[in-house]
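Shown next: run02.csv, containing CSV, C-alpha atoms.
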```csv
chain,number,residue,atom,x,y,z
F,1,MET,CA,-45.0,-44.6,-4.1
F,2,TRP,CA,-47.8,-45.0,-1.6
F,3,TYR,CA,-50.2,-42.1,-1.0
F,4,GLN,CA,-52.1,-41.2,2.1
F,5,ILE,CA,-55.5,-39.6,2.2
F,6,PRO,CA,-55.6,-36.3,4.1
F,7,MET,CA,-58.5,-36.5,6.5
F,8,PRO,CA,-59.8,-34.2,9.2
F,9,ASP,CA,-59.5,-35.9,12.6
F,10,SER,CA,-63.1,-35.1,13.4
F,11,LEU,CA,-64.5,-37.3,10.6
F,12,PRO,CA,-63.2,-40.9,10.7
F,13,ALA,CA,-63.4,-43.1,7.6
F,14,THR,CA,-66.8,-44.7,7.1
F,15,MET,CA,-68.5,-47.0,4.7
F,16,SER,CA,-72.0,-47.7,3.6
F,17,VAL,CA,-73.2,-51.0,5.1
F,18,ALA,CA,-74.3,-51.8,1.5
F,19,PHE,CA,-70.7,-52.9,0.9
F,20,LEU,CA,-71.4,-55.9,3.1
F,21,HIS,CA,-74.6,-57.0,1.5
F,22,PRO,CA,-73.0,-59.7,-0.7
F,23,PHE,CA,-71.4,-61.1,2.5
F,24,PHE,CA,-74.7,-60.9,4.4
F,25,ASP,CA,-76.4,-62.8,1.5
F,26,GLU,CA,-73.7,-65.5,1.5
F,27,LEU,CA,-73.8,-66.0,5.3
F,28,LEU,CA,-77.6,-66.1,5.5
F,29,HIS,CA,-77.5,-68.7,2.7
F,30,ARG,CA,-75.1,-70.7,5.0
F,31,GLY,CA,-77.5,-70.5,7.9
F,32,VAL,CA,-76.0,-67.7,9.9
F,33,SER,CA,-78.8,-65.7,11.7
F,34,GLN,CA,-79.5,-62.1,10.9
F,35,SER,CA,-79.3,-61.3,14.6
F,36,LEU,CA,-75.7,-62.6,14.6
F,37,LEU,CA,-74.8,-60.5,11.6
F,38,ALA,CA,-76.2,-57.4,13.3
F,39,ALA,CA,-74.3,-58.1,16.5
F,40,ARG,CA,-71.0,-58.6,14.6
F,41,ILE,CA,-71.3,-55.2,12.8
F,42,SER,CA,-72.9,-53.5,15.9
F,43,LEU,CA,-76.2,-52.5,14.1
F,44,PRO,CA,-79.8,-53.2,14.8
F,45,GLU,CA,-81.2,-55.8,12.5
F,46,SER,CA,-83.5,-53.2,10.8
F,47,SER,CA,-80.4,-51.4,9.6
F,48,LEU,CA,-78.6,-54.2,7.9
F,49,PHE,CA,-80.0,-53.7,4.5
F,50,ASP,CA,-80.4,-49.9,4.6
F,51,PRO,CA,-77.7,-48.4,2.2
F,52,THR,CA,-78.0,-45.0,4.0
F,53,VAL,CA,-76.5,-46.5,7.1
F,54,THR,CA,-72.8,-46.0,7.5
F,55,VAL,CA,-70.3,-47.7,9.9
F,56,PRO,CA,-66.7,-47.1,10.7
F,57,ALA,CA,-64.4,-48.5,8.0
F,58,ASN,CA,-62.4,-50.5,10.5
F,59,SER,CA,-65.6,-52.2,11.7
F,60,VAL,CA,-66.2,-53.3,8.1
F,61,TYR,CA,-62.7,-54.7,7.9
F,62,ALA,CA,-63.1,-56.5,11.2
F,63,PHE,CA,-66.3,-58.0,10.0
F,64,LEU,CA,-64.6,-59.3,6.8
F,65,LYS,CA,-61.9,-60.9,8.9
F,66,TRP,CA,-64.6,-62.6,11.0
F,67,VAL,CA,-66.3,-63.9,7.9
F,68,ALA,CA,-63.0,-65.5,6.7
F,69,ASP,CA,-62.2,-66.9,10.2
F,70,SER,CA,-65.7,-68.2,10.9
F,71,THR,CA,-66.1,-69.9,7.5
F,72,GLY,CA,-62.6,-71.2,7.5
F,73,ASP,CA,-62.2,-69.9,4.0
F,74,ALA,CA,-59.3,-67.4,3.6
F,75,LEU,CA,-60.3,-66.9,0.0
F,76,ILE,CA,-63.9,-66.0,0.5
F,77,CYS,CA,-63.4,-62.2,0.3
F,78,ALA,CA,-61.7,-62.4,-3.2
F,79,SER,CA,-64.3,-65.0,-4.3
F,80,ILE,CA,-67.2,-62.7,-3.3
F,81,GLY,CA,-65.4,-59.9,-5.1
F,82,GLN,CA,-65.5,-61.9,-8.2
F,83,HIS,CA,-69.3,-62.5,-7.8
F,84,MET,CA,-69.7,-58.7,-7.4
F,85,ALA,CA,-68.0,-58.2,-10.7
F,86,LYS,CA,-70.7,-60.4,-12.3
F,87,GLY,CA,-73.5,-58.2,-10.9
F,88,SER,CA,-74.2,-59.4,-7.4
F,89,TRP,CA,-73.6,-56.0,-5.8
F,90,ALA,CA,-76.6,-53.9,-6.7
F,91,PRO,CA,-75.1,-50.4,-6.2
F,92,LEU,CA,-72.5,-51.0,-8.9
F,93,VAL,CA,-74.8,-52.5,-11.6
F,94,PRO,CA,-76.0,-49.1,-13.0
F,95,LEU,CA,-72.4,-47.8,-12.9
F,96,MET,CA,-71.0,-50.8,-14.7
F,97,ASN,CA,-73.7,-50.8,-17.4
F,98,SER,CA,-73.4,-47.0,-18.0
F,99,ALA,CA,-69.7,-47.2,-18.7
F,100,THR,CA,-68.7,-47.7,-22.3
F,101,THR,CA,-65.1,-49.0,-21.8
F,102,VAL,CA,-63.0,-50.3,-18.9
F,103,GLY,CA,-61.2,-47.0,-18.7
F,104,ASP,CA,-64.5,-45.1,-18.6
F,105,PHE,CA,-65.6,-47.4,-15.7
F,106,PHE,CA,-62.4,-46.9,-13.7
F,107,GLN,CA,-62.8,-43.1,-13.9
F,108,LYS,CA,-66.4,-43.3,-12.8
F,109,PHE,CA,-65.6,-45.7,-10.1
F,110,SER,CA,-62.9,-43.4,-8.8
F,111,GLN,CA,-65.3,-40.5,-8.7
F,112,MET,CA,-67.9,-42.6,-6.8
F,113,SER,CA,-65.5,-43.9,-4.3
F,114,SER,CA,-64.2,-40.4,-3.5
F,115,GLU,CA,-67.8,-39.6,-2.3
F,116,GLN,CA,-68.1,-42.5,0.1
F,117,GLY,CA,-66.9,-41.7,3.6
F,118,LYS,CA,-63.1,-41.2,2.8
F,119,ALA,CA,-62.3,-44.9,3.5
F,120,ALA,CA,-60.3,-45.2,0.2
F,121,ILE,CA,-59.4,-43.5,-3.0
F,122,TYR,CA,-58.8,-45.1,-6.4
F,123,LYS,CA,-56.4,-43.6,-8.9
F,124,LEU,CA,-55.8,-44.6,-12.5
F,125,GLU,CA,-52.3,-44.0,-13.9
F,126,VAL,CA,-51.2,-44.7,-17.5
F,127,GLU,CA,-47.5,-45.0,-18.3
F,128,GLY,CA,-47.3,-45.9,-22.0
F,129,ALA,CA,-48.2,-49.5,-22.5
F,130,VAL,CA,-48.8,-50.0,-18.7
F,131,ALA,CA,-51.8,-49.0,-16.6
F,132,LEU,CA,-51.7,-48.9,-12.8
F,133,TRP,CA,-55.0,-49.0,-10.8
F,134,ARG,CA,-54.3,-48.0,-7.2
F,135,LEU,CA,-56.5,-48.5,-4.2
F,136,VAL,CA,-55.2,-46.5,-1.2
F,137,ARG,CA,-56.7,-46.9,2.2
F,138,ALA,CA,-57.2,-43.9,4.5
F,139,LYS,CA,-54.7,-43.3,7.2
F,140,GLY,CA,-55.6,-45.2,10.4
F,141,ALA,CA,-57.0,-48.3,8.5
F,142,SER,CA,-56.4,-51.4,10.6
F,143,ALA,CA,-54.5,-54.5,9.4
F,144,ASP,CA,-57.9,-56.2,8.7
F,145,ALA,CA,-58.2,-53.9,5.7
F,146,ALA,CA,-56.3,-56.6,3.9
F,147,PHE,CA,-59.5,-58.5,3.6
F,148,ALA,CA,-61.2,-55.6,1.9
F,149,ASP,CA,-58.2,-55.4,-0.4
F,150,ALA,CA,-58.8,-59.0,-1.4
F,151,VAL,CA,-62.4,-58.1,-2.3
F,152,ALA,CA,-61.1,-55.4,-4.5
F,153,ALA,CA,-58.6,-57.7,-6.1
F,154,GLY,CA,-61.3,-60.3,-6.9
F,155,TYR,CA,-63.6,-57.7,-8.3
F,156,PHE,CA,-61.2,-55.8,-10.6
F,157,VAL,CA,-59.3,-58.8,-11.8
F,158,ASP,CA,-62.5,-60.6,-12.7
F,159,LEU,CA,-63.8,-57.5,-14.4
F,160,LEU,CA,-60.6,-57.2,-16.5
F,161,LYS,CA,-60.8,-60.8,-17.4
F,162,SER,CA,-64.5,-60.5,-18.5
F,163,ALA,CA,-63.7,-57.5,-20.7
F,164,ALA,CA,-60.5,-59.0,-22.2
F,165,LEU,CA,-62.1,-62.3,-23.3
F,166,HIS,CA,-59.7,-64.0,-25.7
F,167,ASP,CA,-57.1,-61.4,-25.1
F,168,TRP,CA,-56.8,-62.3,-21.4
F,169,ASP,CA,-53.3,-63.3,-20.3
F,170,ALA,CA,-52.9,-63.6,-16.5
F,171,SER,CA,-49.2,-63.5,-16.8
F,172,LYS,CA,-49.5,-59.9,-17.9
F,173,ILE,CA,-51.3,-58.9,-14.7
F,174,ILE,CA,-49.5,-58.0,-11.5
F,175,ALA,CA,-51.4,-57.5,-8.2
F,176,VAL,CA,-49.7,-56.0,-5.2
F,177,LEU,CA,-51.6,-56.3,-1.9
F,178,PRO,CA,-50.8,-56.8,1.8
F,179,ASP,CA,-51.7,-60.5,2.1
F,180,THR,CA,-51.2,-62.8,-0.9
F,181,LYS,CA,-52.8,-65.8,0.9
F,182,LEU,CA,-56.2,-64.1,0.5
F,183,VAL,CA,-56.1,-64.5,-3.3
F,184,SER,CA,-56.7,-67.8,-5.1
F,185,HIS,CA,-54.3,-69.0,-7.7
F,186,ASP,CA,-57.4,-69.6,-9.8
F,187,LEU,CA,-57.8,-65.9,-9.9
F,188,LEU,CA,-54.1,-65.1,-10.6
F,189,PRO,CA,-51.1,-67.3,-10.7
F,190,SER,CA,-48.7,-67.0,-7.7
F,191,THR,CA,-46.2,-65.3,-9.9
F,192,SER,CA,-48.6,-62.5,-10.5
F,193,VAL,CA,-49.5,-61.8,-6.9
F,194,LEU,CA,-46.9,-59.8,-4.9
F,195,SER,CA,-46.9,-58.7,-1.3
F,196,GLY,CA,-46.4,-55.1,-0.3
F,197,GLY,CA,-47.7,-52.0,1.2
F,198,THR,CA,-51.3,-51.4,2.0
F,199,GLY,CA,-54.3,-51.2,-0.3
F,200,LEU,CA,-54.0,-52.6,-3.8
F,201,ILE,CA,-52.1,-52.0,-7.0
F,202,LEU,CA,-53.1,-53.7,-10.2
F,203,ARG,CA,-50.7,-53.5,-13.1
F,204,PHE,CA,-52.0,-54.5,-16.5
F,205,PRO,CA,-51.6,-53.6,-20.2
F,206,SER,CA,-53.1,-50.1,-20.9
F,207,ALA,CA,-54.8,-51.5,-24.0
F,208,PHE,CA,-57.3,-53.2,-21.6
F,209,LEU,CA,-58.7,-49.7,-20.9
F,210,GLY,CA,-60.1,-49.5,-24.4
F,211,PHE,CA,-62.0,-52.8,-24.1
F,212,ASP,CA,-65.8,-52.6,-24.0
F,213,MET,CA,-67.3,-53.0,-20.6
F,214,PRO,CA,-69.1,-56.4,-20.2
F,215,ARG,CA,-72.9,-56.0,-19.9
F,216,ILE,CA,-74.3,-57.5,-16.7
F,217,SER,CA,-77.7,-58.3,-15.3
F,218,PRO,CA,-78.4,-58.5,-11.6
F,219,ALA,CA,-80.2,-61.4,-10.1
F,220,ASN,CA,-84.0,-61.2,-10.3
F,221,ASP,CA,-84.4,-61.0,-6.6
F,222,GLN,CA,-81.8,-58.4,-6.1
F,223,PRO,CA,-83.1,-55.1,-4.7
F,224,GLU,CA,-82.3,-51.8,-6.5
F,225,LEU,CA,-79.9,-50.0,-4.2
F,226,THR,CA,-77.7,-47.0,-4.5
F,227,VAL,CA,-75.0,-46.0,-2.1
F,228,VAL,CA,-75.7,-42.6,-0.7
F,229,SER,CA,-72.9,-40.0,-1.1
F,230,MET,CA,-71.2,-39.3,2.2
F,231,GLN,CA,-69.1,-36.5,0.8
F,232,GLU,CA,-71.0,-33.8,2.6
F,233,THR,CA,-72.0,-35.7,5.7
F,234,THR,CA,-71.0,-33.8,8.8
F,235,LEU,CA,-70.4,-35.3,12.2
F,236,PRO,CA,-73.7,-34.0,13.7
F,237,GLU,CA,-75.5,-35.5,10.7
F,238,GLN,CA,-73.7,-38.9,11.3
F,239,VAL,CA,-74.8,-38.8,14.9
F,240,ARG,CA,-78.4,-37.8,14.0
F,241,LEU,CA,-78.6,-40.7,11.5
F,242,LEU,CA,-77.3,-43.2,14.1
F,243,ILE,CA,-79.8,-41.9,16.7
F,244,GLN,CA,-82.7,-42.0,14.2
F,245,ARG,CA,-82.1,-45.7,13.5
F,246,SER,CA,-81.6,-46.7,17.2
F,247,ILE,CA,-84.0,-44.2,18.9
F,248,SER,CA,-86.1,-47.0,20.4
F,249,ASP,CA,-83.2,-48.2,22.5
F,250,PRO,CA,-83.5,-46.7,25.9
F,251,ASN,CA,-79.8,-47.6,26.6
F,252,LEU,CA,-78.5,-45.7,23.6
F,253,GLY,CA,-75.8,-43.7,25.2
F,254,LEU,CA,-72.6,-41.8,24.6
F,255,ASP,CA,-70.3,-44.8,24.4
F,256,SER,CA,-72.4,-46.7,21.8
F,257,ILE,CA,-72.9,-43.5,19.7
F,258,ALA,CA,-69.2,-42.8,19.8
F,259,LYS,CA,-68.5,-46.3,18.7
F,260,GLY,CA,-71.0,-46.0,15.9
F,261,VAL,CA,-69.3,-43.0,14.4
F,262,GLY,CA,-65.7,-44.3,15.0
F,263,LEU,CA,-64.6,-41.8,17.7
F,264,SER,CA,-63.7,-42.0,21.3
F,265,SER,CA,-66.4,-40.6,23.7
F,266,TRP,CA,-64.4,-37.5,24.6
F,267,LYS,CA,-63.5,-36.8,21.0
F,268,LEU,CA,-67.1,-37.0,20.0
F,269,GLN,CA,-68.2,-34.7,22.7
F,270,SER,CA,-65.4,-32.2,21.9
F,271,GLN,CA,-66.1,-32.2,18.2
F,272,LEU,CA,-69.9,-31.7,18.7
F,273,LYS,CA,-69.2,-28.9,21.1
F,274,GLU,CA,-67.2,-27.1,18.4
F,275,ASP,CA,-70.2,-27.3,16.2
F,276,GLY,CA,-72.4,-25.9,19.0
F,277,MET,CA,-74.2,-29.3,19.4
F,278,SER,CA,-74.5,-32.0,22.0
F,279,ILE,CA,-75.8,-35.6,21.9
F,280,SER,CA,-78.7,-34.7,24.1
F,281,GLU,CA,-79.7,-31.8,21.9
F,282,ILE,CA,-79.6,-34.0,18.7
F,283,ARG,CA,-81.6,-36.8,20.5
F,284,GLU,CA,-84.2,-34.3,21.6
F,285,GLU,CA,-84.5,-32.9,18.1
F,286,VAL,CA,-85.0,-36.4,16.7
F,287,ARG,CA,-87.5,-37.4,19.3
F,288,LYS,CA,-89.5,-34.2,18.9
F,289,LYS,CA,-89.7,-34.6,15.1
F,290,GLN,CA,-90.7,-38.2,15.3
F,291,ALA,CA,-93.1,-37.8,18.2
F,292,ILE,CA,-95.1,-35.0,16.5
F,293,ALA,CA,-95.2,-37.0,13.2
F,294,GLN,CA,-96.5,-40.1,14.9
F,295,VAL,CA,-99.1,-38.3,17.1
F,296,THR,CA,-100.3,-36.4,14.0
F,297,GLU,CA,-100.1,-39.1,11.3
F,298,THR,CA,-100.9,-42.4,13.2
F,299,THR,CA,-103.4,-43.8,15.6
F,300,ASP,CA,-100.7,-45.5,17.7
F,301,THR,CA,-101.2,-45.4,21.4
F,302,VAL,CA,-99.2,-43.0,23.5
F,303,GLY,CA,-97.6,-45.9,25.2
F,304,SER,CA,-96.4,-47.5,22.0
F,305,ILE,CA,-95.1,-44.2,20.7
F,306,ALA,CA,-93.2,-43.6,23.9
F,307,THR,CA,-91.6,-47.1,23.7
F,308,GLY,CA,-90.7,-46.6,20.1
F,309,LEU,CA,-88.9,-43.4,21.0
F,310,GLY,CA,-86.9,-44.9,23.8
F,311,TYR,CA,-88.8,-43.6,26.8
F,312,THR,CA,-89.0,-45.8,29.8
F,313,ASN,CA,-92.6,-44.8,30.5
F,314,SER,CA,-95.5,-42.8,29.1
F,315,SER,CA,-95.3,-40.2,31.7
F,316,ASN,CA,-91.8,-39.1,30.7
F,317,PHE,CA,-92.9,-39.0,27.1
F,318,THR,CA,-96.0,-36.9,27.8
F,319,ARG,CA,-94.0,-34.5,29.9
F,320,ALA,CA,-91.5,-34.0,27.0
F,321,PHE,CA,-94.3,-33.7,24.4
F,322,ARG,CA,-96.0,-31.0,26.5
F,323,GLY,CA,-92.8,-29.1,26.7
F,324,TRP,CA,-92.5,-29.2,22.9
F,325,THR,CA,-96.1,-28.3,22.0
F,326,GLY,CA,-97.7,-27.0,25.1
F,327,LYS,CA,-100.2,-29.9,25.0
F,328,SER,CA,-100.3,-33.5,25.9
F,329,PRO,CA,-100.2,-36.0,23.0
F,330,ARG,CA,-104.0,-36.8,23.4
F,331,ASP,CA,-104.9,-33.1,23.6
F,332,TYR,CA,-102.7,-32.4,20.6
F,333,ARG,CA,-104.6,-35.0,18.5
F,334,LYS,CA,-107.9,-33.4,19.4
F,335,THR,CA,-106.9,-30.2,17.8
F,336,LEU,CA,-106.2,-31.8,14.4
```

Encoded form using structure tokens:
Amino acid sequence: MWYQIPMPDSLPATMSVAFLHPFFDELLHRGVSQSLLAARISLPESSLFDPTVTVPANSVYAFLKWVADSTGDALICASIGQHMAKGSWAPLVPLMNSATTVGDFFQKFSQMSSEQGKAAIYKLEVEGAVALWRLVRAKGASADAAFADAVAAGYFVDLLKSAALHDWDASKIIAVLPDTKLVSHDLLPSTSVLSGGTGLILRFPSAFLGFDMPRISPANDQPELTVVSMQETTLPEQVRLLIQRSISDPNLGLDSIAKGVGLSSWKLQSQLKEDGMSISEIREEVRKKQAIAQVTETTDTVGSIATGLGYTNSSNFTRAFRGWTGKSPRDYRKTL
């Protein structure tokens, strides 16, 4: 039986950009420019490695497909999933090392994923000697989600293999996922990989759940990252975060903001109106807060502050600042 995730229409599935960090690292190593990566995921370069930044889940899936197509390697997603199981994805390292057994980790992983933008849920089911680990994508996930399912297959199969050690028997593992061509026969034999449905189902002996979790160590140059919980993130907060990270862009408008939160322009305006908010009000709030902070805490020129906040000229910024505080930026500084 396949489950669907009930989701309010106003909040589309999102994912932390941190999920793509192992892919960014691999592509940068292959000589792909950071500017191209940013363009493909529709983010400013400064946001690529910020785990608090979220993007629509379907944009993540489209990026993964582009990675496979551009490298000519259909197996790259599953392969990177395997590397993630060995500690190459920083947000999971503490979780993996805090779990005592495989079963403990699966339960903790399920809880963590439930807090991350509603893109997917994980459910562990035990039926006697058989365990089922289900990954179910949110309703509305594009066909490109199959590439993310391949990442999950590589990750969880490699984790089970590392935990089982000498008890590993690939013939006892069954993986059901949308596209079997995305999984290498080195990971699982073809007889263990079946096509079906959406998401991923792993079937394996329930005895594996009692195996100790393998201890892992991240690479020395790997940053310490945590994925911020998106469980309580409202639509206005999503818009506010997007505006904050792109505030210097004078062309940041309705269409690009709507794309950034995964809604149509009219839907975004309608949902914000229900919350008693508008894009212009949120942008004004962000600009006011940042402007006062920069005038107060830095010695930056009025012109540079205006440019950084997306104003086309200093006069417009000064006029806005006087409306917020009753003083020009220069006069405001003199009162400090």

Quiz item: So how many Å separate atom CA of Glu297 of chain F and atom CA of Tyr332 of chain F, to one decimal?
Solution: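 Separation between atom CA of Glu297 of chain F and atom CA of Tyr332 of chain F: 11.8 Å.
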
Exercise. Write out as a list of chain:residue names each polymer residue whose atoms come within 12 Å of Ala68 of chain F, counting all atoms listed in the file; drop sequence neighbours fewer than 6 positions from it.
Key: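 Near neighbours after the sequence-gap exclusion: F:Phe23, F:Glu26, F:Leu27, F:Tyr61, F:Ala62, F:Ala74, F:Leu75, F:Ile76, F:Cys77, F:Ala78, F:Ser79, F:Ile80, F:Asp144, F:Ala146, F:Phe147, F:Ala148, F:Ala150, F:Val151, F:Lys181, F:Leu182.
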
Quiz item: atom CA of Ser88 of chain F to atom CA of Asp169 of chain F: how many Å, to one decimal?
Solution: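 These two atoms are separated by 24.9 Å.
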
Quiz item: Could you pull the residues within 7 Å of segment 175-179 of chain F, counting all atoms listed in the file, minus those fewer than 6 positions along the same chain, as an MDAnalysis selection string?
Solution: chainID F and resid 146 149 192:203

Go ahead and write the residues just picked, C-alpha atoms, as a JSON list (two decimals), in the frame of the given file.
```
[["chain", "number", "residue", "atom", "x", "y", "z"],
["F", 146, "ALA", "CA", -56.30, -56.60, 3.90],
["F", 149, "ASP", "CA", -58.20, -55.40, -0.40],
["F", 192, "SER", "CA", -48.60, -62.50, -10.50],
["F", 193, "VAL", "CA", -49.50, -61.80, -6.90],
["F", 194, "LEU", "CA", -46.90, -59.80, -4.90],
["F", 195, "SER", "CA", -46.90, -58.70, -1.30],
["F", 196, "GLY", "CA", -46.40, -55.10, -0.30],
["F", 197, "GLY", "CA", -47.70, -52.00, 1.20],
["F", 198, "THR", "CA", -51.30, -51.40, 2.00],
["F", 199, "GLY", "CA", -54.30, -51.20, -0.30],
["F", 200, "LEU", "CA", -54.00, -52.60, -3.80],
["F", 201, "ILE", "CA", -52.10, -52.00, -7.00],
["F", 202, "LEU", "CA", -53.10, -53.70, -10.20],
["F", 203, "ARG", "CA", -50.70, -53.50, -13.10]]
```

Practice problem: Between atom CA of Val93 of chain F and atom CA of Ala38 of chain F, measure the distance and give it in Å to one decimal. | Solution: 25.4 Å

Practice problem: Kindly provide, as a PyMOL selection string, the polymer residues lying within 12 Å of (-75.9, -48.9, -14.3), counting only C-alpha atoms and using the coordinates exactly as they appear in the file. | Solution: chain F and resi 87+89-100+105+108-109+213-218+224-226

Quiz item: Using all atoms listed in the file, which residues sit within 10 Å of Ala18 of chain F once same-chain residues fewer than 2 positions away are excluded, as JSON, numbers by chain?
Solution: {"F": [15, 16, 20, 21, 22, 23, 24, 48, 49, 50, 51, 52, 53, 54, 89, 90, 91, 225, 226, 227, 228]}

For the selection you just gave me, I'd like the residues written to a file as a CSV table (one decimal), in the coordinates of the input, keeping C-alpha atoms.
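Written file, part.csv:
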```
chain,number,residue,atom,x,y,z
F,15,MET,CA,-68.5,-47.0,4.7
F,16,SER,CA,-72.0,-47.7,3.6
F,20,LEU,CA,-71.4,-55.9,3.1
F,21,HIS,CA,-74.6,-57.0,1.5
F,22,PRO,CA,-73.0,-59.7,-0.7
F,23,PHE,CA,-71.4,-61.1,2.5
F,24,PHE,CA,-74.7,-60.9,4.4
F,48,LEU,CA,-78.6,-54.2,7.9
F,49,PHE,CA,-80.0,-53.7,4.5
F,50,ASP,CA,-80.4,-49.9,4.6
F,51,PRO,CA,-77.7,-48.4,2.2
F,52,THR,CA,-78.0,-45.0,4.0
F,53,VAL,CA,-76.5,-46.5,7.1
F,54,THR,CA,-72.8,-46.0,7.5
F,89,TRP,CA,-73.6,-56.0,-5.8
F,90,ALA,CA,-76.6,-53.9,-6.7
F,91,PRO,CA,-75.1,-50.4,-6.2
F,225,LEU,CA,-79.9,-50.0,-4.2
F,226,THR,CA,-77.7,-47.0,-4.5
F,227,VAL,CA,-75.0,-46.0,-2.1
F,228,VAL,CA,-75.7,-42.6,-0.7
```

Quiz item: Using all atoms listed in the file, which residue out of F:Pro205, F:His83, F:Ser59, F:Ser70 lies closest to Asp25 of chain F?
Solution: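 Among the listed residues, F:His83 lies closest to Asp25 of chain F.
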
Exercise. Check the smallest atom-to-atom distance from each of F:Ser142, F:Ser190, F:Gln111, F:Gln238 to Ile173 of chain F using all atoms listed in the file, then report the winner.
Key: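 Closest residue, counting all atoms listed in the file: F:Ser190.
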
Quiz item: For Arg283 of chain F, which of F:Ile243, F:Ala57, F:Ala320, F:Leu268 is the closest residue, counting only C-alpha atoms?
Solution: F:Ile243

Practice problem: May I ask which of the residues F:Ile121, F:Leu135, F:Leu187, F:Leu272 is the closest one to Asp158 of chain F, counting only C-alpha atoms? | Solution: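 Counting only C-alpha atoms, the residue closest to Asp158 of chain F is F:Leu187.
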
Exercise. Write out as a ChimeraX atom specification each polymer residue whose atoms come within 12 Å of Ala258 of chain F, counting all atoms listed in the file; drop sequence neighbours fewer than 3 positions from it.
Key: /F:10-12,42,55-56,235-236,238-240,242-243,252-255,261-272,279

Exercise. Pick out the closest residue to Ala85 of chain F from this set: F:Val157, F:Gln294, F:Val130, F:Thr234. Count only C-alpha atoms.
Key: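 With only C-alpha atoms as the atom set, the closest residue is F:Val157.
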
Exercise. Find the residue from F:Asn251, F:Ser110, F:Gly154, F:Phe204 that sits nearest to Asp186 of chain F; use all atoms listed in the file when measuring.
Key: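 Ranked by minimum distance to Asp186 of chain F, first place goes to F:Gly154.
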